[in-house]
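> target_29.csv is the file, holding CSV, C-alpha atoms:
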chain,number,residue,atom,x,y,z
L,1,MET,CA,-11.3,-21.9,1.4
L,2,ARG,CA,-9.2,-19.7,3.7
L,3,LEU,CA,-6.8,-22.6,4.3
L,4,PHE,CA,-6.4,-23.1,0.6
L,5,THR,CA,-5.6,-19.4,0.2
L,6,TYR,CA,-3.0,-19.5,2.9
L,7,LEU,CA,-1.4,-22.6,1.5
L,8,LYS,CA,-1.3,-21.2,-2.0
L,9,TYR,CA,0.3,-18.0,-0.8
L,10,PHE,CA,2.8,-20.0,1.3
L,11,PHE,CA,4.0,-22.0,-1.7
L,12,TYR,CA,4.1,-18.9,-3.9
L,13,ILE,CA,6.5,-17.2,-1.4
L,14,SER,CA,8.5,-20.4,-0.9
L,15,ILE,CA,9.1,-20.8,-4.6
L,16,ASN,CA,9.8,-17.1,-5.3
L,17,TRP,CA,11.7,-16.3,-2.1
L,18,ASN,CA,12.4,-19.1,0.4
L,19,ILE,CA,10.6,-21.3,2.9
L,20,ILE,CA,11.9,-19.4,6.0
L,21,ILE,CA,10.4,-16.1,4.7
L,22,ALA,CA,7.2,-18.0,3.8
L,23,PHE,CA,6.7,-19.3,7.3
L,24,TYR,CA,7.4,-15.8,8.7
L,25,ILE,CA,5.0,-14.1,6.4
L,26,ILE,CA,2.2,-16.6,6.8
L,27,PHE,CA,2.4,-16.4,10.5
L,28,HIS,CA,1.9,-12.7,10.4
L,29,GLU,CA,-0.8,-13.0,7.7
L,30,ILE,CA,-2.9,-15.2,9.9
L,31,LYS,CA,-2.3,-13.0,12.9
L,32,GLY,CA,-3.1,-9.8,11.1
L,33,GLU,CA,-6.2,-11.0,9.2
L,34,ARG,CA,-7.7,-12.1,12.5
L,35,LYS,CA,-6.6,-9.0,14.4
L,36,TYR,CA,-8.3,-6.6,11.9
L,37,GLY,CA,-11.0,-8.8,10.7
L,38,ILE,CA,-10.3,-8.2,7.0
L,39,LYS,CA,-9.5,-10.4,4.0
L,40,THR,CA,-6.5,-9.1,2.1
L,41,ILE,CA,-4.2,-12.1,1.8
L,42,GLY,CA,-3.2,-13.6,-1.5
L,43,ILE,CA,-1.8,-12.8,-4.9
L,44,ASP,CA,-3.5,-11.5,-8.1
L,45,ASN,CA,-1.9,-11.5,-11.5
L,46,LEU,CA,-4.3,-8.8,-12.6
L,47,ASN,CA,-5.5,-10.9,-15.6
L,48,SER,CA,-8.7,-8.9,-15.6
L,49,LEU,CA,-6.9,-5.8,-16.9
L,50,ASP,CA,-6.5,-5.2,-20.6
L,51,ASP,CA,-3.1,-5.2,-22.2
L,52,GLU,CA,-2.7,-1.4,-22.0
L,53,GLN,CA,-3.7,-1.3,-18.4
L,54,SER,CA,-1.5,-4.2,-17.3
L,55,GLU,CA,1.6,-3.0,-19.2
L,56,HIS,CA,3.1,-1.1,-16.3
L,57,ALA,CA,1.3,-2.8,-13.4
L,58,THR,CA,2.9,-5.4,-11.1
L,59,ILE,CA,1.3,-8.4,-9.5
L,60,TYR,CA,-0.9,-7.7,-6.4
L,61,MET,CA,0.7,-8.8,-3.2
L,62,PRO,CA,-0.1,-7.2,0.2
L,63,VAL,CA,2.5,-5.6,2.4
L,64,VAL,CA,3.5,-7.8,5.3
L,65,TYR,CA,1.5,-6.9,8.4
L,66,ALA,CA,4.6,-6.8,10.7
L,67,VAL,CA,6.2,-4.2,8.3
L,68,ILE,CA,3.2,-1.9,8.0
L,69,GLU,CA,2.6,-1.9,11.7
L,70,LYS,CA,6.2,-1.1,12.4
L,71,VAL,CA,6.3,1.8,9.9
L,72,PHE,CA,2.9,3.2,11.1
L,73,LEU,CA,4.2,3.2,14.7
L,74,GLN,CA,7.4,4.9,13.6
L,75,LEU,CA,5.4,7.6,11.7
L,76,ASN,CA,2.6,7.9,14.4
L,77,ILE,CA,-0.1,7.4,11.8
L,78,SER,CA,-2.8,8.8,14.0
L,79,LYS,CA,-1.3,12.3,13.3
L,80,VAL,CA,-1.6,12.0,9.6
L,81,ASN,CA,-4.3,14.1,8.1
L,82,HIS,CA,-5.1,12.1,5.0
L,83,LEU,CA,-3.4,8.9,3.9
L,84,LEU,CA,-3.6,7.9,0.2
L,85,ASP,CA,-2.6,4.4,-0.9
L,86,ILE,CA,-1.6,4.4,-4.6
L,87,GLY,CA,-2.1,0.9,-5.9
L,88,CYS,CA,-4.2,0.0,-2.8
L,89,GLY,CA,-5.1,-3.6,-3.9
L,90,LYS,CA,-7.5,-5.0,-1.3
L,91,GLY,CA,-7.0,-2.1,1.0
L,92,ARG,CA,-4.7,-3.6,3.7
L,93,ALA,CA,-2.6,-0.4,4.2
L,94,ILE,CA,-5.6,1.9,4.5
L,95,CYS,CA,-7.5,-0.5,6.8
L,96,VAL,CA,-4.6,-0.8,9.2
L,97,ALA,CA,-4.0,2.9,9.1
L,98,ALA,CA,-7.6,3.6,10.0
L,99,ALA,CA,-7.5,1.0,12.8
L,100,LYS,CA,-4.4,2.7,14.1
L,101,GLY,CA,-6.1,6.1,14.4
L,102,CYS,CA,-5.8,7.7,10.9
L,103,LYS,CA,-9.1,9.7,10.5
L,104,GLN,CA,-9.1,9.9,6.6
L,105,VAL,CA,-7.9,7.3,4.1
L,106,SER,CA,-8.2,6.8,0.4
L,107,GLY,CA,-7.1,4.1,-2.0
L,108,ILE,CA,-6.7,4.1,-5.7
L,109,ASP,CA,-6.3,1.1,-8.0
L,110,ILE,CA,-6.8,0.2,-11.6
L,111,SER,CA,-8.4,-3.1,-10.9
L,112,LYS,CA,-12.2,-3.0,-10.3
L,113,ALA,CA,-12.2,-6.4,-8.5
L,114,LEU,CA,-9.5,-5.2,-6.1
L,115,CYS,CA,-11.3,-1.9,-5.5
L,116,MET,CA,-14.5,-3.9,-4.6
L,117,ASP,CA,-12.5,-6.0,-2.1
L,118,ALA,CA,-10.9,-2.9,-0.6
L,119,LEU,CA,-14.4,-1.3,-0.1
L,120,GLN,CA,-15.6,-4.5,1.6
L,121,ASN,CA,-12.6,-4.5,3.9
L,122,LEU,CA,-13.1,-0.8,4.7
L,123,THR,CA,-16.7,-1.5,5.7
L,124,VAL,CA,-15.4,-3.8,8.4
L,125,ILE,CA,-13.1,-1.1,9.7
L,126,GLN,CA,-15.8,1.6,9.5
L,127,GLN,CA,-18.0,-0.5,11.8
L,128,GLN,CA,-15.3,-0.2,14.4
L,129,HIS,CA,-14.4,3.4,13.6
L,130,PRO,CA,-17.7,5.2,12.5
L,131,ALA,CA,-16.0,8.6,12.2
L,132,LEU,CA,-13.6,7.3,9.6
L,133,LEU,CA,-13.6,9.1,6.2
L,134,ALA,CA,-12.7,6.6,3.6
L,135,LYS,CA,-13.0,6.0,-0.1
L,136,VAL,CA,-11.6,3.9,-2.9
L,137,ILE,CA,-11.1,5.3,-6.4
L,138,LEU,CA,-11.0,3.2,-9.6
L,139,LYS,CA,-8.5,5.1,-11.7
L,140,ASP,CA,-5.2,5.0,-13.5
L,141,ALA,CA,-2.6,6.4,-11.0
L,142,PHE,CA,-0.7,8.1,-13.9
L,143,GLN,CA,-3.7,10.3,-14.6
L,144,TYR,CA,-4.8,10.8,-10.9
L,145,GLU,CA,-4.5,14.3,-9.4
L,146,ILE,CA,-3.3,14.1,-5.8
L,147,PRO,CA,-5.9,15.8,-3.5
L,148,GLN,CA,-4.5,18.9,-1.8
L,149,ASP,CA,-5.2,17.6,1.7
L,150,VAL,CA,-3.2,14.4,1.3
L,151,ASP,CA,-0.1,14.6,3.4
L,152,CYS,CA,1.0,10.9,3.4
L,153,ILE,CA,1.2,8.5,0.5
L,154,PHE,CA,1.7,4.7,0.7
L,155,LEU,CA,3.2,2.6,-2.1
L,156,PHE,CA,4.1,-1.1,-2.2
L,157,ASN,CA,6.0,-1.1,-5.5
L,158,PRO,CA,2.8,-1.2,-7.5
L,159,PHE,CA,4.2,-0.1,-10.9
L,160,ASP,CA,7.2,-0.3,-13.2
L,161,GLU,CA,9.7,2.6,-13.4
L,162,PHE,CA,7.8,4.4,-16.2
L,163,LEU,CA,4.6,4.7,-14.3
L,164,MET,CA,6.3,5.3,-11.0
L,165,GLU,CA,8.1,8.3,-12.6
L,166,GLY,CA,4.8,9.7,-13.6
L,167,VAL,CA,3.4,9.2,-10.1
L,168,VAL,CA,6.3,11.0,-8.6
L,169,LYS,CA,5.7,13.9,-11.0
L,170,ASN,CA,2.1,14.0,-9.9
L,171,ILE,CA,3.1,14.1,-6.2
L,172,LYS,CA,5.6,17.0,-6.8
L,173,LYS,CA,3.0,18.9,-8.9
L,174,SER,CA,0.5,18.6,-6.0
L,175,ILE,CA,3.1,19.9,-3.5
L,176,ALA,CA,4.0,22.8,-5.8
L,177,LEU,CA,0.3,23.8,-6.2
L,178,HIS,CA,-0.5,23.4,-2.5
L,179,PRO,CA,2.8,23.7,-0.5
L,180,ARG,CA,2.9,21.3,2.4
L,181,LYS,CA,4.9,18.6,4.1
L,182,MET,CA,4.6,15.3,2.3
L,183,THR,CA,5.5,11.9,3.6
L,184,VAL,CA,5.8,8.8,1.4
L,185,ILE,CA,5.9,5.3,2.8
L,186,TYR,CA,7.5,3.1,0.2
L,187,ALA,CA,7.5,-0.6,0.8
L,188,ASN,CA,9.9,-2.6,-1.5
L,189,PRO,CA,11.4,0.7,-2.7
L,190,ILE,CA,12.9,-0.5,-6.0
L,191,TYR,CA,12.7,3.0,-7.5
L,192,LYS,CA,13.5,5.0,-4.4
L,193,SER,CA,16.0,7.1,-6.4
L,194,LEU,CA,13.1,8.7,-8.3
L,195,PHE,CA,12.1,10.3,-5.0
L,196,THR,CA,15.5,11.1,-3.6
L,197,ASP,CA,16.7,12.6,-6.9
L,198,THR,CA,13.8,15.1,-6.8
L,199,GLY,CA,14.3,16.4,-3.3
L,200,PHE,CA,12.8,13.7,-1.0
L,201,LYS,CA,14.9,12.8,2.1
L,202,GLU,CA,14.9,9.3,3.5
L,203,THR,CA,14.1,9.6,7.3
L,204,PHE,CA,13.6,5.9,8.1
L,205,TYR,CA,14.7,2.6,6.5
L,206,TYR,CA,14.0,-1.0,7.6
L,207,LYS,CA,15.1,-4.2,6.0
L,208,SER,CA,14.6,-7.8,7.2
L,209,MET,CA,15.2,-11.2,5.8
L,210,LYS,CA,16.7,-9.8,2.6
L,211,TYR,CA,13.3,-9.2,0.8
L,212,ILE,CA,11.2,-7.3,3.3
L,213,GLU,CA,12.0,-3.7,3.0
L,214,VAL,CA,10.4,-0.3,3.6
L,215,SER,CA,11.4,3.4,3.5
L,216,ILE,CA,9.9,6.6,4.8
L,217,LEU,CA,10.7,9.6,2.5
L,218,GLU,CA,9.8,13.2,3.4
L,219,TYR,CA,9.6,16.4,1.4
Go ahead and express the file in the form of structure tokens.


Amino acid sequence: MRLFTYLKYFFYISINWNIIIAFYIIFHEIKGERKYGIKTIGIDNLNSLDDEQSEHATIYMPVVYAVIEKVFLQLNISKVNHLLDIGCGKGRAICVAAAKGCKQVSGIDISKALCMDALQNLTVIQQQHPALLAKVILKDAFQYEIPQDVDCIFLFNPFDEFLMEGVVKNIKKSIALHPRKMTVIYANPIYKSLFTDTGFKETFYYKSMKYIEVSILEY
């Protein structure tokens, strides 16, 4: 079953990007899944969502392990107070953050099935890190109020521009109500200008093999 999942993902990446990137990603997928003991590989077209829910959502794909490990090292994720992954999918980002020393993580997603997978993966990580505070919320990100203790937000291009604009407004509203430094990790940052146009500054940028891209933005 796992082999089929890897092959399916390999061919999806080969067709949509290219075979060189596919080999690179699958190598790191196998390495990462074994390293953390979680199951987050694959794609999900979010067919379980109704038309209104899926209108602004994008396909589920996990961020590449090599990229997330690089950016968490750059940020020193163990010093983050509370990491929130908006559009968390199966929970890869919050699981890796917890394994790297982040003491509190939360994920939010509109898909019930993906939230259940994220909870299952977090259970694995919590067995290794019993002091971890973790939760997954089933909710529309457009209507979600950012908790006042969240100081780092992770995004892997989970929405279209309309919904992302609403999320940026929610983040800025939270900062205005509870002034604090906010860091946003934005993988595949298609709508990065929504952040930079509202006062966020890019402090780190990494791009590899044309399609693998991540930015750290701070406010």

> Contacts of L:Tyr211 at 12 Å or less, counting only C-alpha atoms, minus same-chain residues fewer than 5 places along, as a PyMOL selection string?

chain L and resi 13+16-18+20-22+24-25+63-64+67+187-190+206

> Go ahead and write the selection's residues with C-alpha atoms as a PDB file, keeping the file's coordinate frame.


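Saved the output as out-v2.pdb:
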ATOM      1  CA  ILE L  13       6.500 -17.200  -1.400  1.00  0.00           C
ATOM      2  CA  ASN L  16       9.800 -17.100  -5.300  1.00  0.00           C
ATOM      3  CA  TRP L  17      11.700 -16.300  -2.100  1.00  0.00           C
ATOM      4  CA  ASN L  18      12.400 -19.100   0.400  1.00  0.00           C
ATOM      5  CA  ILE L  20      11.900 -19.400   6.000  1.00  0.00           C
ATOM      6  CA  ILE L  21      10.400 -16.100   4.700  1.00  0.00           C
ATOM      7  CA  ALA L  22       7.200 -18.000   3.800  1.00  0.00           C
ATOM      8  CA  TYR L  24       7.400 -15.800   8.700  1.00  0.00           C
ATOM      9  CA  ILE L  25       5.000 -14.100   6.400  1.00  0.00           C
ATOM     10  CA  VAL L  63       2.500  -5.600   2.400  1.00  0.00           C
ATOM     11  CA  VAL L  64       3.500  -7.800   5.300  1.00  0.00           C
ATOM     12  CA  VAL L  67       6.200  -4.200   8.300  1.00  0.00           C
ATOM     13  CA  ALA L 187       7.500  -0.600   0.800  1.00  0.00           C
ATOM     14  CA  ASN L 188       9.900  -2.600  -1.500  1.00  0.00           C
ATOM     15  CA  PRO L 189      11.400   0.700  -2.700  1.00  0.00           C
ATOM     16  CA  ILE L 190      12.900  -0.500  -6.000  1.00  0.00           C
ATOM     17  CA  TYR L 206      14.000  -1.000   7.600  1.00  0.00           C
TER      18      TYR L 206
END

> Which distance in Å separates atom CA of L:Pro130 and atom CA of L:Gly42, to one decimal?

27.6 Å

> Can you list, as an MDAnalysis selection string, every protein, DNA or RNA residue that comes within 8 Å of stretch 139-151 of chain L when you count only C-alpha atoms, leaving out same-chain residues fewer than 5 positions away?

chainID L and resid 80:84 86:87 108:110 163 166:167 170:171 174:175 178 180:183

> Between atom CA of L:His28 and atom CA of L:Asp160, what is the distance, to one decimal in Å?

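Those two atoms sit 27.2 Å apart.
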
> Report the distance between atom CA of L:Leu119 and atom CA of L:Phe154 in Å, rounded to one decimal place.

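Computing the Euclidean distance for atom CA of L:Leu119 and atom CA of L:Phe154 yields 17.2 Å.
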
> Find the residue from L:Pro62, L:Tyr191, L:Gly107, L:Cys152 that sits nearest to L:Asn76; use all atoms listed in the file when measuring.

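The answer is L:Cys152, which sits nearest to L:Asn76.
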
> Counting all atoms listed in the file, figure out which residue out of L:Lys90, L:Val96, L:Glu165, L:Cys115 gets nearest to L:Val71.

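Result for the nearest residue to L:Val71: L:Val96.
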
> Need to verify the contact set: L:Gln127, 12 Å, only C-alpha atoms, exclusion of same-chain residues closer than 6 positions in sequence. Can you return it as number ranges by chain?

L: 36-38, 95, 98-99, 120-121, 133
